[in-house]
Amino acid sequence: MLAATQRLRRSAEFAAAIRGGRRAGRGTLVVHLLIEEPAHASTARAGFVVSKAVGNAVVRNKVRRRLRHLVRPLLADLPPGASLVVRALPPAAQAGFAELDSDLTGALASARRPRRPR
(Lines give C-alpha, C1' and ligand atoms only; values in the text may rest on other atoms or scores of the structure.)
Protein backbone atom coordinates (compact mmCIF):
# COMPACT_ATOMS: atom_id res chain seq x y z
CA MET A 1 0.00 0.00 0.00
CA LEU A 2 1.21 3.48 -0.80
CA ALA A 3 1.19 6.09 1.95
CA ALA A 4 -1.59 8.69 1.76
CA THR A 5 0.94 11.37 0.83
CA GLN A 6 2.06 9.27 -2.16
CA ARG A 7 -1.41 8.73 -3.67
CA LEU A 8 -3.44 10.77 -6.11
CA ARG A 9 -7.01 10.76 -4.82
CA ARG A 10 -9.00 13.57 -6.43
CA SER A 11 -10.25 13.45 -9.99
CA ALA A 12 -8.76 16.91 -10.59
CA GLU A 13 -5.31 15.53 -9.73
CA PHE A 14 -5.76 12.67 -12.19
CA ALA A 15 -7.06 15.05 -14.87
CA ALA A 16 -4.11 17.43 -14.43
CA ALA A 17 -1.59 14.62 -14.84
CA ILE A 18 -3.37 13.13 -17.85
CA ARG A 19 -3.97 16.43 -19.65
CA GLY A 20 -0.75 18.23 -18.81
CA GLY A 21 1.79 15.44 -18.42
CA ARG A 22 3.98 13.46 -20.76
CA ARG A 23 2.46 10.22 -22.05
CA ALA A 24 4.28 7.01 -22.88
CA GLY A 25 2.74 3.64 -23.62
CA ARG A 26 3.76 0.02 -23.78
CA GLY A 27 1.83 -3.16 -24.47
CA THR A 28 0.13 -3.50 -21.10
CA LEU A 29 -0.05 0.06 -19.78
CA VAL A 30 0.15 3.79 -20.43
CA VAL A 31 2.00 6.19 -18.14
CA HIS A 32 1.16 9.89 -17.71
CA LEU A 33 3.87 11.88 -15.91
CA LEU A 34 3.46 15.50 -14.83
CA ILE A 35 6.50 17.09 -13.24
CA GLU A 36 5.61 20.19 -11.25
CA GLU A 37 7.23 21.94 -8.35
CA PRO A 38 4.41 22.91 -5.97
CA ALA A 39 5.63 24.47 -2.74
CA HIS A 40 3.74 22.08 -0.45
CA ALA A 41 4.60 18.73 -2.07
CA SER A 42 7.35 16.77 -0.40
CA THR A 43 7.10 13.59 -2.45
CA ALA A 44 6.04 12.26 -5.82
CA ARG A 45 2.52 10.84 -6.00
CA ALA A 46 0.93 8.06 -8.04
CA GLY A 47 -2.55 7.01 -9.09
CA PHE A 48 -3.89 4.02 -10.98
CA VAL A 49 -6.65 3.63 -13.55
CA VAL A 50 -7.82 0.08 -14.20
CA SER A 51 -11.08 0.04 -16.16
CA LYS A 52 -13.66 -2.70 -16.54
CA ALA A 53 -12.16 -3.48 -19.94
CA VAL A 54 -9.28 -5.14 -18.08
CA GLY A 55 -11.55 -7.72 -16.46
CA ASN A 56 -13.83 -8.37 -13.53
CA ALA A 57 -13.23 -6.93 -10.07
CA VAL A 58 -10.89 -9.71 -9.00
CA VAL A 59 -8.67 -9.26 -12.06
CA ARG A 60 -8.70 -5.46 -11.81
CA ASN A 61 -7.67 -5.55 -8.15
CA LYS A 62 -4.89 -8.05 -8.90
CA VAL A 63 -3.52 -5.78 -11.65
CA ARG A 64 -3.80 -2.71 -9.38
CA ARG A 65 -1.96 -4.49 -6.53
CA ARG A 66 0.85 -5.55 -8.87
CA LEU A 67 1.21 -2.05 -10.29
CA ARG A 68 1.22 -0.50 -6.82
CA HIS A 69 3.99 -2.86 -5.76
CA LEU A 70 6.04 -1.99 -8.85
CA VAL A 71 5.53 1.78 -8.58
CA ARG A 72 6.43 2.12 -4.89
CA PRO A 73 10.25 2.01 -5.33
CA LEU A 74 10.10 4.11 -8.52
CA LEU A 75 8.49 7.08 -6.74
CA ALA A 76 11.73 7.79 -4.90
CA ASP A 77 13.45 8.43 -8.25
CA LEU A 78 10.90 11.05 -9.31
CA PRO A 79 11.26 14.70 -8.29
CA PRO A 80 9.08 16.06 -5.46
CA GLY A 81 5.73 17.23 -6.74
CA ALA A 82 5.63 14.83 -9.67
CA SER A 83 2.29 13.17 -10.45
CA LEU A 84 2.28 9.74 -12.06
CA VAL A 85 -0.86 8.09 -13.44
CA VAL A 86 -0.58 4.47 -14.58
CA ARG A 87 -3.44 3.33 -16.81
CA ALA A 88 -3.69 -0.43 -17.30
CA LEU A 89 -4.70 -1.74 -20.73
CA PRO A 90 -6.69 -4.98 -21.25
CA PRO A 91 -3.55 -7.09 -21.97
CA ALA A 92 -2.40 -6.34 -18.40
CA ALA A 93 -4.89 -8.93 -17.15
CA GLN A 94 -2.88 -11.81 -18.68
CA ALA A 95 0.54 -10.21 -18.22
CA GLY A 96 2.98 -11.65 -15.73
CA PHE A 97 4.75 -9.66 -13.06
CA ALA A 98 7.97 -9.45 -15.09
CA GLU A 99 6.16 -8.14 -18.18
CA LEU A 100 4.36 -5.46 -16.17
CA ASP A 101 7.68 -4.48 -14.59
CA SER A 102 9.49 -4.13 -17.92
CA ASP A 103 6.58 -2.21 -19.47
CA LEU A 104 6.33 0.15 -16.49
CA THR A 105 10.05 0.92 -16.28
CA GLY A 106 10.28 1.38 -20.05
CA ALA A 107 7.27 3.67 -20.25
CA LEU A 108 8.43 5.72 -17.26
CA ALA A 109 11.91 6.11 -18.73
CA SER A 110 10.37 7.22 -22.02
CA ALA A 111 8.11 9.74 -20.28
CA ARG A 112 11.07 11.21 -18.38
CA ARG A 113 13.17 11.64 -21.53
CA PRO A 114 13.24 15.24 -22.79
CA ARG A 115 11.19 15.98 -25.87
CA ARG A 116 12.98 16.18 -29.17
CA PRO A 117 12.57 19.42 -31.11
CA ARG A 118 10.37 19.10 -34.18
# chains A, B, ... in the order shown; residues from 1 in each chain; ligands from 1
$ residues_around --residues "region 57-71 of chain A" --least-positions-apart "4" --cutoff "9 Å" --atoms "only C-alpha atoms" --output "PyMOL selection string"
chain A and resi 1-2+46-52+75+86+88+92-93+95+97+100-101+104-105
$ residues_around --residues "Leu108 (chain A)" --least-positions-apart "5" --cutoff "10 Å" --atoms "only C-alpha atoms" --output "list in words"
Arg22, Arg23, Ala24, Gly25, Arg26, Val30, Val31, His32, Leu33, Val71, Leu74, Leu78, Leu84, Val86, Ser102, Asp103 and Arg113 of chain A
$ write_last_selection --atoms "all heavy atoms" --output "tab-separated table (two decimals), in the first residue's frame"
chain	number	residue	atom	x	y	z
A	22	ARG	N	3.43	14.23	-19.65
A	22	ARG	CA	3.98	13.46	-20.76
A	22	ARG	C	3.38	12.08	-20.75
A	22	ARG	O	3.21	11.48	-19.69
A	22	ARG	CB	5.50	13.34	-20.62
A	22	ARG	CG	6.27	14.63	-20.52
A	22	ARG	CD	6.74	15.19	-21.83
A	22	ARG	NE	7.12	14.23	-22.82
A	22	ARG	CZ	8.34	13.77	-23.02
A	22	ARG	NH1	9.33	14.17	-22.27
A	22	ARG	NH2	8.58	12.92	-23.98
A	23	ARG	N	3.08	11.53	-21.95
A	23	ARG	CA	2.46	10.22	-22.05
A	23	ARG	C	3.40	9.27	-22.76
A	23	ARG	O	4.03	9.63	-23.75
A	23	ARG	CB	1.14	10.33	-22.82
A	23	ARG	CG	0.43	9.01	-22.95
A	23	ARG	CD	-0.83	9.17	-23.74
A	23	ARG	NE	-0.50	9.50	-25.12
A	23	ARG	CZ	-1.32	10.14	-25.95
A	23	ARG	NH1	-2.49	10.54	-25.54
A	23	ARG	NH2	-0.95	10.36	-27.18
A	24	ALA	N	3.49	8.06	-22.24
A	24	ALA	CA	4.28	7.01	-22.88
A	24	ALA	C	3.55	5.69	-22.66
A	24	ALA	O	3.07	5.41	-21.57
A	24	ALA	CB	5.68	6.95	-22.28
A	25	GLY	N	3.47	4.90	-23.71
A	25	GLY	CA	2.74	3.64	-23.62
A	25	GLY	C	3.59	2.45	-23.97
A	25	GLY	O	4.57	2.54	-24.70
A	26	ARG	N	3.19	1.32	-23.45
A	26	ARG	CA	3.76	0.02	-23.78
A	26	ARG	C	2.59	-0.93	-23.98
A	26	ARG	O	1.43	-0.54	-23.93
A	26	ARG	CB	4.68	-0.48	-22.66
A	26	ARG	CG	5.94	0.35	-22.46
A	26	ARG	CD	6.86	0.25	-23.67
A	26	ARG	NE	8.10	0.98	-23.52
A	26	ARG	CZ	8.31	2.22	-23.93
A	26	ARG	NH1	7.35	2.90	-24.47
A	26	ARG	NH2	9.49	2.78	-23.80
A	30	VAL	N	-0.21	2.44	-19.99
A	30	VAL	CA	0.15	3.79	-20.43
A	30	VAL	C	0.48	4.59	-19.19
A	30	VAL	O	-0.22	4.50	-18.18
A	30	VAL	CB	-1.02	4.46	-21.20
A	30	VAL	CG1	-0.67	5.88	-21.58
A	30	VAL	CG2	-1.38	3.66	-22.43
A	31	VAL	N	1.56	5.38	-19.26
A	31	VAL	CA	2.00	6.19	-18.14
A	31	VAL	C	1.83	7.66	-18.50
A	31	VAL	O	2.19	8.08	-19.60
A	31	VAL	CB	3.50	5.88	-17.83
A	31	VAL	CG1	4.08	6.93	-16.92
A	31	VAL	CG2	3.64	4.52	-17.23
A	32	HIS	N	1.27	8.43	-17.58
A	32	HIS	CA	1.16	9.89	-17.71
A	32	HIS	C	1.99	10.48	-16.58
A	32	HIS	O	1.72	10.19	-15.40
A	32	HIS	CB	-0.29	10.34	-17.58
A	32	HIS	CG	-1.20	9.76	-18.60
A	32	HIS	ND1	-1.44	10.35	-19.81
A	32	HIS	CD2	-1.93	8.62	-18.59
A	32	HIS	CE1	-2.30	9.62	-20.49
A	32	HIS	NE2	-2.60	8.55	-19.78
A	33	LEU	N	2.97	11.32	-16.92
A	33	LEU	CA	3.87	11.88	-15.91
A	33	LEU	C	3.86	13.39	-16.01
A	33	LEU	O	4.18	13.96	-17.05
A	33	LEU	CB	5.30	11.35	-16.12
A	33	LEU	CG	6.36	11.88	-15.16
A	33	LEU	CD1	6.05	11.46	-13.72
A	33	LEU	CD2	7.73	11.39	-15.57
A	71	VAL	N	5.35	0.33	-8.56
A	71	VAL	CA	5.53	1.78	-8.58
A	71	VAL	C	6.20	2.29	-7.30
A	71	VAL	O	6.95	3.26	-7.35
A	71	VAL	CB	4.18	2.50	-8.81
A	71	VAL	CG1	4.24	3.96	-8.46
A	71	VAL	CG2	3.74	2.32	-10.25
A	74	LEU	N	9.80	3.15	-7.46
A	74	LEU	CA	10.10	4.11	-8.52
A	74	LEU	C	9.75	5.54	-8.12
A	74	LEU	O	10.29	6.49	-8.70
A	74	LEU	CB	9.33	3.73	-9.80
A	74	LEU	CG	9.67	2.36	-10.40
A	74	LEU	CD1	8.77	2.08	-11.59
A	74	LEU	CD2	11.13	2.29	-10.79
A	78	LEU	N	11.57	9.91	-8.68
A	78	LEU	CA	10.90	11.05	-9.31
A	78	LEU	C	11.08	12.30	-8.45
A	78	LEU	O	11.20	12.21	-7.23
A	78	LEU	CB	9.41	10.76	-9.48
A	78	LEU	CG	9.06	9.63	-10.44
A	78	LEU	CD1	7.56	9.38	-10.44
A	78	LEU	CD2	9.54	9.93	-11.84
A	84	LEU	N	2.18	10.87	-11.15
A	84	LEU	CA	2.28	9.74	-12.06
A	84	LEU	C	0.94	9.02	-12.08
A	84	LEU	O	0.43	8.63	-11.03
A	84	LEU	CB	3.38	8.78	-11.59
A	84	LEU	CG	3.52	7.46	-12.33
A	84	LEU	CD1	4.03	7.70	-13.75
A	84	LEU	CD2	4.45	6.53	-11.59
A	86	VAL	N	-0.82	5.70	-13.83
A	86	VAL	CA	-0.58	4.47	-14.58
A	86	VAL	C	-1.94	3.92	-14.99
A	86	VAL	O	-2.76	3.62	-14.12
A	86	VAL	CB	0.20	3.44	-13.74
A	86	VAL	CG1	0.44	2.17	-14.53
A	86	VAL	CG2	1.51	4.02	-13.25
A	102	SER	N	8.72	-4.66	-16.79
A	102	SER	CA	9.49	-4.13	-17.92
A	102	SER	C	8.71	-3.04	-18.66
A	102	SER	O	9.28	-2.04	-19.08
A	102	SER	CB	9.90	-5.25	-18.87
A	102	SER	OG	8.76	-5.80	-19.50
A	103	ASP	N	7.39	-3.22	-18.81
A	103	ASP	CA	6.58	-2.21	-19.47
A	103	ASP	C	6.53	-0.92	-18.66
A	103	ASP	O	6.62	0.18	-19.20
A	103	ASP	CB	5.16	-2.72	-19.72
A	103	ASP	CG	5.07	-3.66	-20.90
A	103	ASP	OD1	6.10	-3.87	-21.59
A	103	ASP	OD2	3.98	-4.21	-21.14
A	113	ARG	N	12.23	11.15	-20.52
A	113	ARG	CA	13.17	11.64	-21.53
A	113	ARG	C	12.72	13.00	-22.04
A	113	ARG	O	11.52	13.21	-22.28
A	113	ARG	CB	13.21	10.65	-22.69
A	113	ARG	CG	14.62	10.30	-23.09
A	113	ARG	CD	14.66	9.27	-24.18
A	113	ARG	NE	14.49	7.93	-23.59
A	113	ARG	CZ	13.68	7.01	-24.03
A	113	ARG	NH1	12.92	7.21	-25.07
A	113	ARG	NH2	13.59	5.84	-23.43
$ atom_distance --atom1 "CA of Arg72 (chain A)" --atom2 "CA of Arg115 (chain A)"
25.6 Å
$ atom_distance --atom1 "CA of Ala15 (chain A)" --atom2 "CA of Ile35 (chain A)"
13.8 Å
$ atom_distance --atom1 "CA of Ala17 (chain A)" --atom2 "CA of Val85 (chain A)"
6.7 Å
$ closest_residue --among "A:Ala3, A:Ala82, A:Leu29, A:Val54" --to "Ala107 (chain A)" --atoms "only C-alpha atoms"
A:Leu29
$ select_by_dssp --residues "chain A" --states "alpha helix (DSSP H)" --output "PyMOL selection string"
chain A and resi 11-20+57-74+97-112
$ closest_residue --among "A:Gly20, A:Pro73, A:Pro114, A:Gly27" --to "Arg87 (chain A)" --atoms "only C-alpha atoms"
A:Gly27
$ closest_residue --among "A:Leu34, A:Ala4, A:Ala98, A:Ala111" --to "Pro79 (chain A)" --atoms "only C-alpha atoms"
A:Leu34
